[in-house]
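Right, one structure below, let's go through it.
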Amino acid sequence: MKRIIFHIDVNNAFLSWTALDLLNQGYQYDIRESYAAIGGDEKSRRGIVLAKSPKAKKCGVVTGETLYSARMKCPAIRFYPPNYQWYQKNSKALFQLLSKYSPDIEVASIDECYLDYGKVQNLYGDPYEFAKKIQKEILDTLGFTVNIGIANSKLCAKMASDFSKPYKIHTLYNHEIQKKMYPLPIDDLFGVGKQTSQKLHKLGIHTISDLAHADATYLYRYFKNSTTKMIEWAQGIDDSEVVSEQVERKGISQSTTLPKDMTRTDEIFPILHAISENVAISLRKKNKYASVIAVIFKDKFFKSYTHQRKLNNPTCSTNEIWKISKELFLEGWKQEPIRLIGIRLDQLTDHVTYQTSLFEDFEDKKEDETLDFVVDEIKQKFGDQAIGKASLKDNKMKRKFE
DNA sequence: TCTGGGGTCCTAGGACCC
DNA sequence: TCTGGGGTCCTAGGACCC
């Protein structure tokens, strides 16, 4: 039996959710109906468009461009800052509403998910009618609109939900692929980004149909092992299942664009220290230990590079993560101005079996970790101000990370 | 007044082992 | 002393997604 998959996607998620927030606060108009965008702060060099209203889109404003450039295209535009906590609340509410109807929901990101409709069809009947019903229920109870794509695979459902917006339902069943998907430009195919699309265009492949009919042996020279999957996706073939269990995080990272390009360690280290604390706290919240620590750099030319180390003994200690990050920074830094600095923790494990080495003090380490957990708990109870690292006390930078 | 932040997956090359 | 070769681990970088 053929599967039936829904892909549910919030229209202009960040903008819609901020619109609701503002209306709640007594705003007189709905920013979804005006020239508006969600964006970071230009002064702190985070000035890019994260989401835009339909009217702003009509002016040519695109996600990811600078606020400056958006303003050039659309002088009437107004920018609003993102509010991630509020977004998370709305996201949860959406998935909760949907899980009333089916336990088989795969959360794909903060504003989209897949639902395995085939498994519950006998309860709710015609897919299109049901999609209409939940679409309306979401609008009535949560206040924002979603697009729904209906297809026989996750890939096609995802492609379908993207066809036209907002508040639309599209089907892309297997028998509709040639008519509805083949004519689209290759850039529209999920998984084909800027680099791949450029290569494909050079090879004379411009539409999804071109790729669906392309010679795999020929393309293999350029795309190696991703060739088969890419061609299958162009043909609308995707057997992947809707996975409802929450998959464990593989890594934790935090990075920040610096207020200016920096070259002095006395300016950079307090920030790196604060990031160490933050990622360590996230790690302990999940009751995990990290086996790999990486420091992330971005230079003034926007070139990123990393320097990492695999640890003999996984850690969750703030002190150790900070100490190693500092070492990694000094080893990896190319002595050039830094635009962004960050830390990533990888290969997270549950337990630690200490491999004692001559040079490490086992007891000290355990003490460090125990202390960390106690500090976490105090902060949880009495707030972040209750306790803190003396070295960060008087640093203005610290405020940014709280 | 240029260009966020948090993820995942894949690949390539070197070291090392048998 | 004509320089194998497969497997695995580690590091670094790139592409893609929202």
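Every chain in the structure tokens has a letter given in the order shown (A, B, ...), and although residue numbers restart at 1 in each chain, ligands are simply numbered from 1 in the order shown.
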| said: Just want the 7 Å neighbourhood of Leu328 (chain A), counted on only C-alpha atoms (C1' of nucleotides), with same-chain residues fewer than 5 positions away dropped. Output as a list of chain:residue names. | reply: A:Val295, A:His307, A:Gln308
| said: Should the cut-off be 10 Å, what would the residue list for chain B against chain A look like, counting only C-alpha atoms (C1' of nucleotides), as a PyMOL selection string? | reply: chain B and resi 1-8+10-11
| field | Residue nearest Ile31 (chain A) - candidates A:Phe14, A:Phe373, A:Tyr124, A:Phe6, atoms counted: only C-alpha atoms | value | A:Phe14
| request: Please run DSSP on the backbone and report, as a PyMOL selection string, all residues within region 215-333 of chain A that come out as strand (DSSP E). | output: chain A and resi 251-262+289-299+304-315
Produce a file of the selected residues containing N, CA and C atoms, as an mmCIF file, in the first residue's frame.
data_model
loop_
_atom_site.group_PDB
_atom_site.id
_atom_site.type_symbol
_atom_site.label_atom_id
_atom_site.label_comp_id
_atom_site.auth_asym_id
_atom_site.auth_seq_id
_atom_site.Cartn_x
_atom_site.Cartn_y
_atom_site.Cartn_z
ATOM 1 N N GLY A 251 25.678 16.900 18.819
ATOM 2 C CA GLY A 251 26.654 17.871 19.280
ATOM 3 C C GLY A 251 25.980 19.104 19.841
ATOM 4 N N ILE A 252 26.758 19.913 20.527
ATOM 5 C CA ILE A 252 26.265 21.168 21.079
ATOM 6 C C ILE A 252 27.246 22.241 20.649
ATOM 7 N N SER A 253 26.737 23.370 20.172
ATOM 8 C CA SER A 253 27.673 24.425 19.818
ATOM 9 C C SER A 253 27.119 25.793 20.166
ATOM 10 N N GLN A 254 28.013 26.721 20.374
ATOM 11 C CA GLN A 254 27.615 28.109 20.498
ATOM 12 C C GLN A 254 28.705 28.961 19.875
ATOM 13 N N SER A 255 28.265 29.942 19.099
ATOM 14 C CA SER A 255 29.228 30.846 18.490
ATOM 15 C C SER A 255 28.638 32.240 18.496
ATOM 16 N N THR A 256 29.502 33.220 18.385
ATOM 17 C CA THR A 256 29.002 34.581 18.368
ATOM 18 C C THR A 256 29.861 35.468 17.483
ATOM 19 N N THR A 257 29.182 36.322 16.744
ATOM 20 C CA THR A 257 29.886 37.328 15.973
ATOM 21 C C THR A 257 30.330 38.411 16.936
ATOM 22 N N LEU A 258 31.594 38.754 16.876
ATOM 23 C CA LEU A 258 32.139 39.742 17.810
ATOM 24 C C LEU A 258 31.699 41.149 17.403
ATOM 25 N N PRO A 259 31.586 42.034 18.376
ATOM 26 C CA PRO A 259 31.152 43.410 18.070
ATOM 27 C C PRO A 259 32.084 44.112 17.082
ATOM 28 N N LYS A 260 33.338 43.678 17.052
ATOM 29 C CA LYS A 260 34.266 44.160 16.031
ATOM 30 C C LYS A 260 35.292 43.046 15.775
ATOM 31 N N ASP A 261 36.017 43.136 14.679
ATOM 32 C CA ASP A 261 37.061 42.148 14.450
ATOM 33 C C ASP A 261 38.117 42.292 15.529
ATOM 34 N N MET A 262 38.523 41.181 16.126
ATOM 35 C CA MET A 262 39.431 41.248 17.269
ATOM 36 C C MET A 262 40.716 40.484 17.020
ATOM 37 N N TYR A 289 28.546 13.845 28.388
ATOM 38 C CA TYR A 289 29.959 14.182 28.415
ATOM 39 C C TYR A 289 30.432 14.326 26.971
ATOM 40 N N ALA A 290 31.335 15.236 26.732
ATOM 41 C CA ALA A 290 31.834 15.444 25.371
ATOM 42 C C ALA A 290 33.195 14.797 25.199
ATOM 43 N N SER A 291 33.372 14.147 24.058
ATOM 44 C CA SER A 291 34.665 13.519 23.766
ATOM 45 C C SER A 291 35.513 14.366 22.837
ATOM 46 N N VAL A 292 34.854 15.283 22.115
ATOM 47 C CA VAL A 292 35.584 16.143 21.190
ATOM 48 C C VAL A 292 35.231 17.595 21.472
ATOM 49 N N ILE A 293 36.255 18.422 21.562
ATOM 50 C CA ILE A 293 36.042 19.862 21.717
ATOM 51 C C ILE A 293 36.650 20.549 20.510
ATOM 52 N N ALA A 294 35.887 21.451 19.907
ATOM 53 C CA ALA A 294 36.404 22.187 18.748
ATOM 54 C C ALA A 294 36.208 23.680 18.972
ATOM 55 N N VAL A 295 37.193 24.447 18.561
ATOM 56 C CA VAL A 295 37.036 25.897 18.561
ATOM 57 C C VAL A 295 36.786 26.329 17.121
ATOM 58 N N ILE A 296 35.787 27.189 16.953
ATOM 59 C CA ILE A 296 35.390 27.640 15.620
ATOM 60 C C ILE A 296 35.840 29.083 15.435
ATOM 61 N N PHE A 297 36.482 29.351 14.309
ATOM 62 C CA PHE A 297 36.919 30.718 13.995
ATOM 63 C C PHE A 297 36.265 31.174 12.702
ATOM 64 N N LYS A 298 36.046 32.483 12.585
ATOM 65 C CA LYS A 298 35.729 33.049 11.275
ATOM 66 C C LYS A 298 36.562 34.313 11.139
ATOM 67 N N ASP A 299 37.293 34.427 10.037
ATOM 68 C CA ASP A 299 38.160 35.594 9.890
ATOM 69 C C ASP A 299 37.409 36.737 9.212
ATOM 70 N N SER A 304 35.800 30.416 7.417
ATOM 71 C CA SER A 304 35.742 29.714 8.702
ATOM 72 C C SER A 304 36.785 28.611 8.754
ATOM 73 N N TYR A 305 37.272 28.374 9.939
ATOM 74 C CA TYR A 305 38.109 27.202 10.159
ATOM 75 C C TYR A 305 37.947 26.745 11.588
ATOM 76 N N THR A 306 38.362 25.503 11.845
ATOM 77 C CA THR A 306 38.167 24.935 13.171
ATOM 78 C C THR A 306 39.456 24.275 13.631
ATOM 79 N N HIS A 307 39.536 24.105 14.927
ATOM 80 C CA HIS A 307 40.637 23.323 15.481
ATOM 81 C C HIS A 307 40.062 22.483 16.599
ATOM 82 N N GLN A 308 40.267 21.189 16.540
ATOM 83 C CA GLN A 308 39.599 20.309 17.493
ATOM 84 C C GLN A 308 40.548 19.329 18.141
ATOM 85 N N ARG A 309 40.053 18.724 19.211
ATOM 86 C CA ARG A 309 40.856 17.718 19.897
ATOM 87 C C ARG A 309 39.928 16.642 20.445
ATOM 88 N N LYS A 310 40.371 15.404 20.270
ATOM 89 C CA LYS A 310 39.646 14.279 20.853
ATOM 90 C C LYS A 310 40.236 14.019 22.234
ATOM 91 N N LEU A 311 39.373 13.874 23.226
ATOM 92 C CA LEU A 311 39.859 13.713 24.592
ATOM 93 C C LEU A 311 39.948 12.242 24.964
ATOM 94 N N ASN A 312 40.939 11.896 25.732
ATOM 95 C CA ASN A 312 41.017 10.536 26.259
ATOM 96 C C ASN A 312 39.874 10.285 27.224
ATOM 97 N N ASN A 313 39.546 11.310 27.986
ATOM 98 C CA ASN A 313 38.470 11.197 28.957
ATOM 99 C C ASN A 313 37.410 12.246 28.700
ATOM 100 N N PRO A 314 36.219 11.826 28.270
ATOM 101 C CA PRO A 314 35.132 12.781 28.012
ATOM 102 C C PRO A 314 34.877 13.633 29.248
ATOM 103 N N THR A 315 34.461 14.861 29.045
ATOM 104 C CA THR A 315 34.284 15.772 30.167
ATOM 105 C C THR A 315 32.980 16.548 30.073
#
| query | With only C-alpha atoms as the basis for distance, which of A:Ile268, A:Leu142, A:Ala70, A:Val374 is at the shortest distance from Gln96 (chain A)? | reply | A:Leu142
| task | Between CA of Lys379 (chain A) and CA of Ser44 (chain A), measure the distance and give it in Å to one decimal. | result |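 According to the coordinates, CA of Lys379 (chain A) and CA of Ser44 (chain A) are separated by 28.0 Å.
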| task | Looking only at alpha helix (DSSP H) from DSSP on the backbone, list the matching residues of region 137-324 of chain A as a PyMOL selection string. | result | chain A and resi 137-142+154-161+177-180+194-202+208-212+216-223+227-234+265-285+318-324
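Put simply, CA of Met159 (chain A) is 21.6 Å away from CA of Lys58 (chain A).
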| request: For each of A:Lys199, A:Arg3, A:Arg32, A:Cys59, take the minimum atom-to-atom distance to Pro127 (chain A), counting only C-alpha atoms, then give the residue where this is smallest. | output: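 Counting only C-alpha atoms, the residue closest to Pro127 (chain A) is A:Arg3.
Across the structure, CA of Val120 (chain A) and CA of Gln246 (chain A) are spaced 20.4 Å apart.
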| query | If you count only C-alpha atoms (C1' of nucleotides), which residues fall within 12 Å of Glu369 (chain A), apart from same-chain ones fewer than 4 positions away, as a ChimeraX atom specification? | reply | /A:280-281,283-284,287-289,314-321,352,362-365,373-376
